[in-house]
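Coordinates as given in final.csv (CSV, C-alpha atoms (C1' of nucleotides) and all ligand atoms):
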chain,number,residue,atom,x,y,z
A,429,MET,CA,2.6,0.7,4.3
A,430,LYS,CA,6.1,1.3,3.4
A,431,LYS,CA,7.4,1.9,6.8
A,432,PHE,CA,6.3,2.3,10.4
A,433,SER,CA,5.9,5.9,11.6
A,434,SER,CA,9.0,7.5,12.9
A,435,ARG,CA,7.1,7.9,16.2
A,436,TYR,CA,8.8,4.7,17.3
A,437,SER,CA,12.4,5.8,16.7
A,438,ILE,CA,11.6,9.2,18.2
A,439,ALA,CA,10.2,7.6,21.3
A,440,VAL,CA,13.4,5.6,21.8
A,441,HIS,CA,15.4,8.7,21.2
A,442,ILE,CA,13.4,10.6,23.9
A,443,LEU,CA,13.7,7.9,26.5
A,444,SER,CA,17.5,7.6,25.8
A,445,LEU,CA,17.9,11.3,26.2
A,446,ILE,CA,16.0,11.3,29.5
A,447,ALA,CA,18.2,8.5,30.7
A,448,LEU,CA,21.4,10.2,29.8
A,449,SER,CA,20.8,13.8,30.3
A,450,PRO,CA,21.5,15.4,33.7
A,451,ALA,CA,19.5,18.5,32.6
A,452,SER,CA,15.7,18.8,32.9
A,453,CYS,CA,14.1,17.4,29.7
A,454,THR,CA,11.6,19.8,28.5
A,455,SER,CA,9.9,19.3,25.1
A,456,ASP,CA,11.9,22.2,23.7
A,457,PHE,CA,15.2,20.7,24.8
A,458,ILE,CA,14.3,17.2,23.4
A,459,ALA,CA,13.0,18.7,20.2
A,460,GLU,CA,16.4,20.2,19.6
A,461,SER,CA,18.2,16.9,19.9
A,462,VAL,CA,15.6,15.1,17.7
A,463,ASN,CA,15.5,18.1,15.4
A,464,THR,CA,11.7,18.5,15.1
A,465,ASN,CA,8.9,20.5,16.5
A,466,PRO,CA,8.2,20.5,20.3
A,467,VAL,CA,4.6,19.6,19.7
A,468,ILE,CA,5.7,16.3,18.0
A,469,ILE,CA,7.7,15.5,21.1
A,470,ARG,CA,4.8,16.3,23.5
A,471,ARG,CA,2.4,14.1,21.5
A,472,ILE,CA,4.8,11.2,21.8
A,473,ILE,CA,5.5,11.8,25.4
A,474,GLY,CA,1.8,11.8,25.9
A,475,MET,CA,1.7,8.2,24.6
A,476,LEU,CA,4.6,7.2,26.7
A,477,LYS,CA,2.9,8.6,29.7
A,478,LYS,CA,-0.3,6.8,29.0
A,479,ALA,CA,1.7,3.6,28.9
A,480,GLY,CA,3.2,4.3,32.3
A,481,LEU,CA,6.8,4.7,31.0
A,482,VAL,CA,7.3,8.3,32.0
A,483,HIS,CA,5.7,11.0,34.1
A,484,VAL,CA,5.7,14.7,33.5
A,485,ARG,CA,5.8,17.6,35.8
A,486,PRO,CA,3.1,19.9,34.5
A,487,GLY,CA,3.6,23.6,35.1
A,488,THR,CA,7.2,23.4,35.9
A,489,GLY,CA,8.2,21.1,33.0
A,490,GLY,CA,10.4,18.1,32.5
A,491,THR,CA,9.8,14.5,31.8
A,492,TYR,CA,11.2,11.6,33.9
A,493,LEU,CA,11.3,7.8,33.6
A,494,GLN,CA,8.7,6.1,35.7
A,495,LYS,CA,10.5,2.7,35.6
A,496,GLY,CA,14.1,1.5,35.8
A,497,LEU,CA,16.0,1.4,32.5
A,498,ASP,CA,16.2,-2.4,32.8
A,499,GLU,CA,12.4,-2.6,33.2
A,500,ILE,CA,11.7,-1.0,29.9
A,501,THR,CA,12.1,-3.1,26.7
A,502,LEU,CA,11.9,-2.0,23.1
A,503,LEU,CA,8.7,-3.9,22.9
A,504,ASP,CA,7.2,-1.7,25.6
A,505,VAL,CA,8.0,1.4,23.6
A,506,TYR,CA,6.8,-0.2,20.4
A,507,ARG,CA,3.4,-1.0,22.1
A,508,ALA,CA,3.2,2.4,23.6
A,509,VAL,CA,3.5,4.4,20.3
A,510,GLU,CA,3.0,2.1,17.4
A,511,VAL,CA,-0.8,1.9,17.4
A,512,ALA,CA,-0.9,-0.7,14.7
A,513,ASP,CA,-4.7,-0.8,14.7
A,514,ASN,CA,-5.6,-3.5,17.1
A,515,GLY,CA,-1.9,-4.5,17.1
A,516,ASN,CA,-1.8,-6.4,13.8
A,517,ILE,CA,0.7,-5.1,11.3
A,518,PHE,CA,-0.4,-7.4,8.5
A,519,ASN,CA,-3.5,-6.4,6.6
A,520,CYS,CA,-5.9,-9.0,5.3
A,521,HIS,CA,-8.3,-7.8,2.6
A,522,GLU,CA,-11.8,-8.3,3.9
A,523,GLU,CA,-15.0,-9.4,2.3
A,524,THR,CA,-13.6,-12.0,-0.1
A,525,ASN,CA,-16.0,-14.1,-2.2
A,526,PRO,CA,-17.4,-16.7,0.3
A,527,ARG,CA,-18.6,-18.9,-2.5
A,528,CYS,CA,-15.0,-19.5,-3.6
A,529,PRO,CA,-13.1,-22.1,-1.6
A,530,VAL,CA,-10.0,-19.9,-1.5
A,531,GLY,CA,-11.9,-16.7,-0.7
A,532,ALA,CA,-13.8,-18.5,2.1
A,533,ASN,CA,-10.9,-19.9,3.9
A,534,ILE,CA,-7.7,-18.1,3.1
A,535,GLU,CA,-8.2,-15.4,5.6
A,536,SER,CA,-7.9,-17.6,8.7
A,537,VAL,CA,-5.0,-19.6,7.3
A,538,PHE,CA,-3.1,-16.4,6.3
A,539,ARG,CA,-3.8,-14.7,9.5
A,540,THR,CA,-2.3,-17.5,11.5
A,541,LYS,CA,0.9,-17.4,9.6
A,542,MET,CA,1.2,-13.6,10.0
A,543,VAL,CA,0.6,-13.7,13.7
A,544,GLN,CA,3.5,-16.1,14.0
A,545,ALA,CA,5.8,-13.9,12.0
A,546,GLN,CA,4.8,-10.8,13.9
A,547,SER,CA,5.3,-12.5,17.2
A,548,ALA,CA,8.8,-13.5,16.2
A,549,MET,CA,9.6,-9.9,15.6
A,550,GLU,CA,8.1,-8.7,18.8
A,551,GLN,CA,9.9,-11.3,20.9
A,552,GLU,CA,13.1,-9.9,19.5
A,553,LEU,CA,12.1,-6.4,20.6
A,554,ASP,CA,11.2,-7.8,24.0
A,555,HIS,CA,14.8,-9.1,24.5
A,556,VAL,CA,16.3,-5.6,24.3
A,557,THR,CA,16.1,-3.4,27.3
A,558,LEU,CA,16.7,0.4,27.3
A,559,LYS,CA,19.6,-0.3,29.7
A,560,GLN,CA,21.4,-2.3,27.0
A,561,LEU,CA,20.6,0.2,24.3
A,562,VAL,CA,21.8,3.1,26.5
A,563,SER,CA,25.0,1.4,27.4
A,564,GLU,CA,25.7,0.9,23.7
A,565,LEU,CA,25.0,4.5,23.2
A,566,LYS,CA,27.5,5.5,25.9
A,567,GLU,CA,30.2,3.3,24.3
A,568,LYS,CA,29.8,5.0,21.0
A,569,SER,CA,29.7,8.6,22.4
A,570,GLY,CA,32.5,8.3,24.9
A,571,SER,CA,30.6,9.9,27.8
A,572,ILE,CA,27.9,12.4,28.2
B,1434,MET,CA,2.4,2.9,9.1
B,1435,LYS,CA,-0.5,1.3,10.6
B,1436,LYS,CA,-0.5,-1.7,8.5
B,1437,PHE,CA,1.2,-3.2,5.5
B,1438,SER,CA,-0.6,-2.8,2.2
B,1439,SER,CA,-3.2,-5.5,1.5
B,1440,ARG,CA,-1.2,-6.2,-1.6
B,1441,TYR,CA,0.5,-8.9,0.3
B,1442,SER,CA,-2.5,-10.8,1.4
B,1443,ILE,CA,-4.0,-10.4,-2.1
B,1444,ALA,CA,-0.8,-11.8,-3.7
B,1445,VAL,CA,-1.0,-14.9,-1.4
B,1446,HIS,CA,-4.7,-15.2,-2.3
B,1447,ILE,CA,-3.9,-15.0,-6.0
B,1448,LEU,CA,-1.1,-17.7,-5.9
B,1449,SER,CA,-3.3,-20.0,-3.8
B,1450,LEU,CA,-6.2,-19.6,-6.3
B,1451,ILE,CA,-3.9,-20.4,-9.2
B,1452,ALA,CA,-2.6,-23.5,-7.4
B,1453,LEU,CA,-6.1,-24.8,-6.6
B,1454,SER,CA,-8.2,-23.7,-9.5
B,1455,PRO,CA,-8.5,-26.1,-12.5
B,1456,ALA,CA,-9.9,-23.2,-14.6
B,1457,SER,CA,-7.8,-20.6,-16.4
B,1458,CYS,CA,-7.1,-17.7,-14.0
B,1459,THR,CA,-7.8,-14.5,-15.7
B,1460,SER,CA,-7.7,-11.2,-13.8
B,1461,ASP,CA,-11.5,-11.0,-14.0
B,1462,PHE,CA,-11.9,-14.5,-12.5
B,1463,ILE,CA,-9.4,-13.8,-9.7
B,1464,ALA,CA,-10.9,-10.4,-9.0
B,1465,GLU,CA,-14.2,-12.1,-8.3
B,1466,SER,CA,-12.7,-14.3,-5.7
B,1467,VAL,CA,-10.7,-11.5,-4.1
B,1468,ASN,CA,-13.7,-9.2,-4.5
B,1469,THR,CA,-11.9,-6.2,-6.0
B,1470,ASN,CA,-11.2,-4.6,-9.3
B,1471,PRO,CA,-9.4,-6.6,-12.0
B,1472,VAL,CA,-6.8,-3.8,-12.4
B,1473,ILE,CA,-5.7,-4.3,-8.8
B,1474,ILE,CA,-5.1,-7.9,-9.6
B,1475,ARG,CA,-3.2,-7.2,-12.8
B,1476,ARG,CA,-1.0,-4.7,-10.9
B,1477,ILE,CA,-0.1,-7.3,-8.3
B,1478,ILE,CA,0.4,-10.1,-10.9
B,1479,GLY,CA,2.8,-7.7,-12.6
B,1480,MET,CA,4.9,-7.7,-9.5
B,1481,LEU,CA,4.8,-11.4,-9.1
B,1482,LYS,CA,5.8,-11.8,-12.7
B,1483,LYS,CA,8.8,-9.5,-12.2
B,1484,ALA,CA,9.8,-11.6,-9.3
B,1485,GLY,CA,9.7,-14.7,-11.4
B,1486,LEU,CA,6.9,-16.4,-9.5
B,1487,VAL,CA,4.3,-16.6,-12.3
B,1488,HIS,CA,4.1,-16.2,-16.0
B,1489,VAL,CA,1.2,-14.8,-17.9
B,1490,ARG,CA,-0.2,-15.7,-21.3
B,1491,PRO,CA,-0.8,-12.3,-23.0
B,1492,GLY,CA,-3.5,-12.1,-25.6
B,1493,THR,CA,-5.1,-15.4,-24.6
B,1494,GLY,CA,-5.1,-14.7,-20.9
B,1495,GLY,CA,-4.4,-16.7,-17.8
B,1496,THR,CA,-1.7,-16.7,-15.1
B,1497,TYR,CA,0.4,-19.8,-14.2
B,1498,LEU,CA,3.0,-20.6,-11.5
B,1499,GLN,CA,6.5,-20.5,-12.7
B,1500,LYS,CA,7.9,-22.5,-9.8
B,1501,GLY,CA,6.8,-25.5,-7.8
B,1502,LEU,CA,4.5,-24.8,-4.8
B,1503,ASP,CA,7.2,-26.0,-2.5
B,1504,GLU,CA,9.7,-23.7,-4.0
B,1505,ILE,CA,7.8,-20.5,-3.2
B,1506,THR,CA,7.8,-19.2,0.4
B,1507,LEU,CA,5.8,-16.5,2.0
B,1508,LEU,CA,9.0,-14.5,2.1
B,1509,ASP,CA,9.3,-14.7,-1.6
B,1510,VAL,CA,5.8,-13.3,-2.0
B,1511,TYR,CA,6.5,-10.6,0.7
B,1512,ARG,CA,9.6,-9.5,-1.1
B,1513,ALA,CA,7.8,-9.5,-4.5
B,1514,VAL,CA,5.1,-7.1,-3.5
B,1515,GLU,CA,5.9,-5.3,-0.2
B,1516,VAL,CA,8.3,-2.8,-1.5
B,1517,ALA,CA,9.2,-1.5,1.9
B,1518,ASP,CA,11.5,1.2,0.6
B,1519,ASN,CA,14.9,-0.4,0.4
B,1520,GLY,CA,13.4,-3.2,2.4
B,1521,ASN,CA,13.4,-1.7,5.9
B,1522,ILE,CA,10.1,-1.5,7.7
B,1523,PHE,CA,11.3,0.5,10.6
B,1524,ASN,CA,11.8,4.2,10.0
B,1525,CYS,CA,14.5,6.2,11.7
B,1526,HIS,CA,14.0,10.0,11.9
B,1527,GLU,CA,16.9,11.5,10.0
B,1528,GLU,CA,19.0,14.6,10.6
B,1529,THR,CA,19.1,14.6,14.4
B,1530,ASN,CA,21.2,17.1,16.1
B,1531,PRO,CA,24.8,15.9,15.7
B,1532,ARG,CA,26.0,18.0,18.6
B,1533,CYS,CA,23.9,16.0,21.0
B,1534,PRO,CA,25.5,12.7,22.1
B,1535,VAL,CA,22.2,10.9,21.7
B,1536,GLY,CA,21.3,12.5,18.4
B,1537,ALA,CA,24.7,11.7,17.0
B,1538,ASN,CA,24.8,8.0,17.8
B,1539,ILE,CA,21.3,6.7,18.4
B,1540,GLU,CA,20.6,6.1,14.7
B,1541,SER,CA,23.2,3.3,14.2
B,1542,VAL,CA,22.3,1.6,17.5
B,1543,PHE,CA,18.6,1.7,16.9
B,1544,ARG,CA,19.0,0.6,13.3
B,1545,THR,CA,20.9,-2.5,14.4
B,1546,LYS,CA,18.2,-3.6,16.8
B,1547,MET,CA,15.5,-3.1,14.2
B,1548,VAL,CA,17.3,-5.1,11.6
B,1549,GLN,CA,17.5,-8.0,14.0
B,1550,ALA,CA,13.8,-7.8,14.8
B,1551,GLN,CA,12.8,-7.5,11.2
B,1552,SER,CA,15.0,-10.5,10.3
B,1553,ALA,CA,13.3,-12.6,12.9
B,1554,MET,CA,10.0,-11.9,11.2
B,1555,GLU,CA,11.3,-12.6,7.7
B,1556,GLN,CA,12.9,-15.9,8.8
B,1557,GLU,CA,9.5,-17.0,10.0
B,1558,LEU,CA,7.9,-16.2,6.6
B,1559,ASP,CA,10.7,-18.0,4.9
B,1560,HIS,CA,9.8,-21.2,6.7
B,1561,VAL,CA,6.3,-21.4,5.3
B,1562,THR,CA,5.9,-22.6,1.7
B,1563,LEU,CA,2.9,-22.1,-0.5
B,1564,LYS,CA,2.6,-25.9,-0.5
B,1565,GLN,CA,2.0,-26.0,3.2
B,1566,LEU,CA,-0.4,-23.0,3.1
B,1567,VAL,CA,-2.4,-24.6,0.2
B,1568,SER,CA,-2.6,-27.9,2.0
B,1569,GLU,CA,-4.1,-26.2,5.0
B,1570,LEU,CA,-6.5,-24.4,2.7
B,1571,LYS,CA,-7.6,-27.8,1.3
B,1572,GLU,CA,-8.2,-29.2,4.7
B,1573,LYS,CA,-10.4,-26.3,5.6
B,1574,SER,CA,-12.5,-26.3,2.5
B,1575,GLY,CA,-12.9,-30.1,2.1
B,1576,SER,CA,-11.8,-30.3,-1.5
B,1577,ILE,CA,-12.0,-28.0,-4.6
C,171,DT,C1',-10.2,-10.2,-38.8
C,172,DC,C1',-12.5,-10.4,-34.1
C,173,DC,C1',-12.7,-10.5,-29.5
C,174,DG,C1',-11.4,-11.2,-25.0
C,175,DT,C1',-7.3,-10.4,-22.2
C,176,DT,C1',-3.3,-8.1,-20.6
C,177,DG,C1',-0.5,-4.0,-19.4
C,178,DT,C1',-0.5,0.8,-18.2
C,179,DA,C1',-1.6,5.5,-17.7
C,180,DA,C1',-4.4,8.8,-15.6
C,181,DC,C1',-7.5,10.3,-12.2
C,182,DT,C1',-10.1,10.2,-7.8
C,183,DA,C1',-11.0,9.7,-2.8
C,184,DT,C1',-9.4,8.4,1.5
C,185,DA,C1',-6.2,8.2,5.2
C,186,DA,C1',-1.7,8.4,7.9
C,187,DT,C1',2.0,11.3,8.8
C,188,DG,C1',4.8,15.2,10.1
C,189,DA,C1',4.9,20.0,10.8
C,190,DT,C1',3.1,24.2,12.5
C,191,DT,C1',0.2,27.8,14.9
C,192,DA,C1',-2.7,28.9,18.6
C,193,DC,C1',-4.2,28.8,23.1
C,194,DA,C1',-6.1,27.2,27.6
C,195,DT,C1',-4.1,25.4,31.8
C,196,DC,C1',-0.8,24.4,35.2
C,197,DG,C1',2.5,25.4,39.0
C,198,DA,C1',6.8,27.1,41.1
C,199,DG,C1',9.0,31.2,42.4
C,200,DA,C1',9.2,36.3,42.7
D,924,DT,C1',-1.1,36.8,44.2
D,925,DC,C1',0.9,37.4,39.9
D,926,DT,C1',4.1,36.2,36.4
D,927,DC,C1',6.3,33.3,33.3
D,928,DG,C1',7.7,29.3,31.2
D,929,DA,C1',6.0,24.6,30.2
D,930,DT,C1',2.5,21.2,29.1
D,931,DG,C1',-1.7,19.4,26.7
D,932,DT,C1',-4.4,19.6,22.8
D,933,DA,C1',-7.2,21.3,18.9
D,934,DA,C1',-7.0,22.8,14.2
D,935,DT,C1',-4.9,23.3,9.9
D,936,DC,C1',-1.9,22.1,6.0
D,937,DA,C1',1.2,19.6,2.7
D,938,DT,C1',2.8,15.3,1.4
D,939,DT,C1',2.4,10.5,0.5
D,940,DA,C1',0.6,5.7,0.1
D,941,DT,C1',-3.3,3.1,-0.9
D,942,DA,C1',-7.4,1.4,-3.3
D,943,DG,C1',-10.5,1.9,-6.7
D,944,DT,C1',-12.0,3.2,-11.3
D,945,DT,C1',-12.1,4.5,-16.4
D,946,DA,C1',-9.8,4.3,-20.6
D,947,DC,C1',-7.2,2.4,-24.1
D,948,DA,C1',-3.3,0.4,-26.8
D,949,DA,C1',-1.3,-4.1,-27.8
D,950,DC,C1',-1.5,-9.0,-28.0
D,951,DG,C1',-2.7,-13.5,-29.9
D,952,DG,C1',-5.8,-17.5,-30.6
D,953,DA,C1',-10.0,-18.9,-33.0
E,1,LIG,S1,-9.2,-13.4,1.9
E,1,LIG,FE1,-7.6,-12.6,3.1
E,1,LIG,S2,-6.2,-13.6,1.8
E,1,LIG,FE2,-7.7,-13.4,0.2
E,2,LIG,S1,18.4,9.7,15.6
E,2,LIG,FE1,17.3,7.9,14.8
E,2,LIG,S2,16.7,7.5,16.9
E,2,LIG,FE2,16.9,9.7,17.2
Write out the structure in this file as structure tokens.
Ligand code: FES
Ligand code: FES
Amino acid sequence: MKKFSSRYSIAVHILSLIALSPASCTSDFIAESVNTNPVIIRRIIGMLKKAGLVHVRPGTGGTYLQKGLDEITLLDVYRAVEVADNGNIFNCHEETNPRCPVGANIESVFRTKMVQAQSAMEQELDHVTLKQLVSELKEKSGSI
Amino acid sequence: MKKFSSRYSIAVHILSLIALSPASCTSDFIAESVNTNPVIIRRIIGMLKKAGLVHVRPGTGGTYLQKGLDEITLLDVYRAVEVADNGNIFNCHEETNPRCPVGANIESVFRTKMVQAQSAMEQELDHVTLKQLVSELKEKSGSI
DNA sequence: TCCGTTGTAACTATAATGATTACATCGAGA
DNA sequence: TCTCGATGTAATCATTATAGTTACAACGGA
């Protein structure tokens, strides 16, 4: 890799904007705050919708939270958009030489350790709700 | 992203093989266990060498650990090969609209949370030494 | 001196990402 | 009912990381 897709930070941005903005949040409006193309926004909103985090008013336009701010954690958002193939961020090279004791067994040992490490990260994300994040945002920006 | 590069799992594989194999570990020998091209192995060994984890006998051939197995953690290996640009695995979209309260402030708030999550993962990796990993490998494979 | 090995450069193919254009569809309001 | 703005989505393109491969100079022990 290098880095995760910026889908994640954009998704958090979108949800925060919806939470804070009194205006109707169309993809054009959001795109202006994020500073990207509206289609990028719509794609990400599509994933958030599929995860049950928001609903959209088709035709008329506008995206709205489907849950309370304190019911959405950063982990929920992460899961909604990250799409780490089957959820694992660590890659294990496949098809090692089975006749070598290391090649035959290292995969399961390595994988176990990686699952632990990844879980530690995800638990951390699970402890932060959008409510907390948005309140920190408000502090920094004075008011909206 | 999707996933981290398999460089990481291959690096762990290489170090484990060196620790367990009585034979001289040339890139060809290692490549056969990992089941890939020797050049891939040499590239990764180059990174491990730069990190001070192994040394190589040029000319003659063979790679050897430069530290004790209990002095090398999975975090050391991760740092040696992962090259997550400047070390951050989470991406934050840049150049948001500074005139929008969310765009102006979300980056620093988001970044703080991500650093915490990433640290939790890295701490987990720091708690596993190659010694532990290799001993688990031995258990699974009987003996070498 | 020979010969196997290392260290790199160069090239290719594949895949993910981000951006963009295009357009069918929807739905509220005139 | 018709219009108009918004959504949903397909298609295309440029950029970048990765993995694999060939080629070859440099090294150093036998
Ligand atoms: S087999 Fe996955 S670590 Fe080498
Ligand atoms: S500015 Fe980085 S989250 Fe939108």
Contact residues around stretch 930-946 of chain D with only C-alpha atoms (C1' of nucleotides) at 8 Å, ignoring same-chain residues under 3 positions, as a PyMOL selection string
(chain A and resi 429-430+470+486-487+489) or (chain B and resi 1438+1470) or (chain C and resi 196)
Residues just named, written with C-alpha atoms (C1' of nucleotides) as a short mmCIF file (atom, residue, chain, number, x, y, z; two decimals), in the frame of the given file:
data_model
loop_
_atom_site.label_atom_id
_atom_site.label_comp_id
_atom_site.auth_asym_id
_atom_site.auth_seq_id
_atom_site.Cartn_x
_atom_site.Cartn_y
_atom_site.Cartn_z
CA MET A 429 2.60 0.70 4.30
CA LYS A 430 6.10 1.30 3.40
CA ARG A 470 4.80 16.30 23.50
CA PRO A 486 3.10 19.90 34.50
CA GLY A 487 3.60 23.60 35.10
CA GLY A 489 8.20 21.10 33.00
CA SER B 1438 -0.60 -2.80 2.20
CA ASN B 1470 -11.20 -4.60 -9.30
"C1'" DC C 196 -0.80 24.40 35.20
#
For the interface of chain A with chain B (cut-off 7 Å, counting all atoms listed in the file), please tabulate each contacting residue of chain A alongside its nearest pair of atoms and their separation in Å to one decimal, rows sorted by chain and increasing number, as a Markdown table.
| residue | atom | partner | partner_atom | distance |
| --- | --- | --- | --- | --- |
| A:Met429 | CA | B:Phe1437 | CA | 4.3 |
| A:Lys430 | CA | B:Ala1517 | CA | 4.4 |
| A:Lys431 | CA | B:Ile1522 | CA | 4.4 |
| A:Phe432 | CA | B:Met1434 | CA | 4.2 |
| A:Ser433 | CA | B:Met1434 | CA | 5.2 |
| A:Ser434 | CA | B:Asn1524 | CA | 5.2 |
| A:Ser437 | CA | B:Cys1525 | CA | 5.4 |
| A:Ile438 | CA | B:His1526 | CA | 6.8 |
| A:His441 | CA | B:Ile1539 | CA | 6.8 |
| A:Leu445 | CA | B:Val1535 | CA | 6.2 |
| A:Glu460 | CA | B:Asn1530 | CA | 6.7 |
| A:Ser461 | CA | B:Asn1530 | CA | 4.8 |
| A:Val462 | CA | B:Thr1529 | CA | 4.8 |
| A:Asn463 | CA | B:Thr1529 | CA | 5.1 |
| A:Val511 | CA | B:Lys1435 | CA | 6.8 |
| A:Ala512 | CA | B:Lys1435 | CA | 4.6 |
| A:Asp513 | CA | B:Lys1435 | CA | 6.2 |
| A:Ile517 | CA | B:Lys1436 | CA | 4.6 |
| A:Phe518 | CA | B:Phe1437 | CA | 5.4 |
| A:Asn519 | CA | B:Ser1439 | CA | 5.2 |
| A:Cys520 | CA | B:Ser1442 | CA | 5.5 |
| A:His521 | CA | B:Ser1439 | CA | 5.7 |
| A:Glu523 | CA | B:Asn1468 | CA | 6.9 |
| A:Thr524 | CA | B:Val1467 | CA | 5.0 |
| A:Asn525 | CA | B:Ser1466 | CA | 4.8 |
| A:Cys528 | CA | B:Ser1466 | CA | 6.1 |
| A:Pro529 | CA | B:Ser1574 | CA | 5.9 |
| A:Val530 | CA | B:Leu1450 | CA | 6.1 |
| A:Gly531 | CA | B:Ser1466 | CA | 5.6 |
| A:Asn533 | CA | B:Leu1570 | CA | 6.4 |
| A:Ile534 | CA | B:Leu1570 | CA | 6.4 |
| A:Val537 | CA | B:Leu1570 | CA | 6.8 |
| A:Ala545 | CA | B:Met1554 | CA | 4.7 |
| A:Gln546 | CA | B:Met1554 | CA | 6.0 |
| A:Ala548 | CA | B:Met1554 | CA | 5.4 |
| A:Met549 | CA | B:Ala1550 | CA | 4.8 |
| A:Glu552 | CA | B:Ala1550 | CA | 5.2 |
| A:Leu553 | CA | B:Ala1550 | CA | 6.2 |
| A:Leu565 | CA | B:Asn1538 | CA | 6.4 |
| A:Lys568 | CA | B:Asn1538 | CA | 6.7 |
| A:Ser569 | CA | B:Pro1534 | CA | 5.9 |
| A:Ile572 | CA | B:Pro1534 | CA | 6.6 |
Which residue gives the smallest distance to chain A among C:DA192, C:DA200, C:DC173, C:DA186, with only C-alpha atoms (C1' of nucleotides) counted?
C:DA186
Return as JSON, numbers by chain the residues belonging to chain B that are within 12 Å of chain C, counting all atoms listed in the file.
{"B": [1434, 1435, 1436, 1457, 1458, 1459, 1460, 1461, 1462, 1471, 1472, 1473, 1474, 1475, 1476, 1477, 1478, 1479, 1480, 1488, 1489, 1490, 1491, 1492, 1493, 1494, 1495, 1496, 1526]}
Coordinates-based distance that separates atom CA of B:Ile1505 from atom CA of B:Leu1563 (Å, one decimal)
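Taking atom CA of B:Leu1563 as the start and atom CA of B:Ile1505 as the end point, the length is 5.8 Å.
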Proximal residues of chain D relative to chain B (all atoms listed in the file; 7 Å) as a list of chain:residue names:
D:DC950, D:DG951, D:DG952
Save the residues we just selected, C-alpha atoms (C1' of nucleotides), as a PDB file, in the frame of the given file?
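Output contents, as saved in result-v9.pdb:
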ATOM      1  C1'  DC D 950      -1.500  -9.000 -28.000  1.00  0.00           C
ATOM      2  C1'  DG D 951      -2.700 -13.500 -29.900  1.00  0.00           C
ATOM      3  C1'  DG D 952      -5.800 -17.500 -30.600  1.00  0.00           C
TER       4       DG D 952
END
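Across the model, the gap from atom CA of B:Ala1513 to atom CA of B:Ala1484 is 5.6 Å.
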Atom CA of A:Thr557 to atom CA of A:Ala447, straight-line distance in Å
12.6 Å
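Residue nearest ligand LIG 1 (chain E), chosen from A:Val505, A:Glu499, A:Thr540, A:Gln494 and counting all atoms listed in the file: A:Thr540.
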Mind listing whatever residues come within 8 Å of the point (4.5, -22.5, -12.0)? Use all atoms listed in the file, file coordinates, and give them as a VMD selection string.
chain B and resid 1486 to 1488 1497 to 1502
Taking N, CA and C atoms as the atom set, what does stretch 481-493 of chain A look like once completed, written as a CSV table (one decimal), in the frame of the given file?
chain,number,residue,atom,x,y,z
A,481,LEU,N,5.3,4.7,31.1
A,481,LEU,CA,6.8,4.7,31.0
A,481,LEU,C,7.5,5.9,31.6
A,482,VAL,N,6.7,7.0,31.5
A,482,VAL,CA,7.3,8.3,32.0
A,482,VAL,C,6.2,9.0,32.8
A,483,HIS,N,6.7,10.0,33.6
A,483,HIS,CA,5.7,11.0,34.1
A,483,HIS,C,6.3,12.4,33.9
A,484,VAL,N,5.4,13.3,33.9
A,484,VAL,CA,5.7,14.7,33.5
A,484,VAL,C,5.4,15.6,34.6
A,485,ARG,N,6.2,16.6,34.8
A,485,ARG,CA,5.8,17.6,35.8
A,485,ARG,C,5.2,18.8,35.1
A,486,PRO,N,3.9,18.8,35.2
A,486,PRO,CA,3.1,19.9,34.5
A,486,PRO,C,3.4,21.2,35.2
A,487,GLY,N,3.3,22.3,34.5
A,487,GLY,CA,3.6,23.6,35.1
A,487,GLY,C,5.1,23.9,35.0
A,488,THR,N,5.8,23.2,35.9
A,488,THR,CA,7.2,23.4,35.9
A,488,THR,C,7.9,22.9,34.7
A,489,GLY,N,7.5,21.7,34.2
A,489,GLY,CA,8.2,21.1,33.0
A,489,GLY,C,9.2,20.1,33.3
A,490,GLY,N,9.4,19.2,32.3
A,490,GLY,CA,10.4,18.1,32.5
A,490,GLY,C,9.7,16.8,32.5
A,491,THR,N,10.4,15.8,31.9
A,491,THR,CA,9.8,14.5,31.8
A,491,THR,C,10.8,13.5,32.4
A,492,TYR,N,10.3,12.5,33.2
A,492,TYR,CA,11.2,11.6,33.9
A,492,TYR,C,10.7,10.2,33.7
A,493,LEU,N,11.7,9.3,33.8
A,493,LEU,CA,11.3,7.8,33.6
A,493,LEU,C,10.5,7.4,34.9
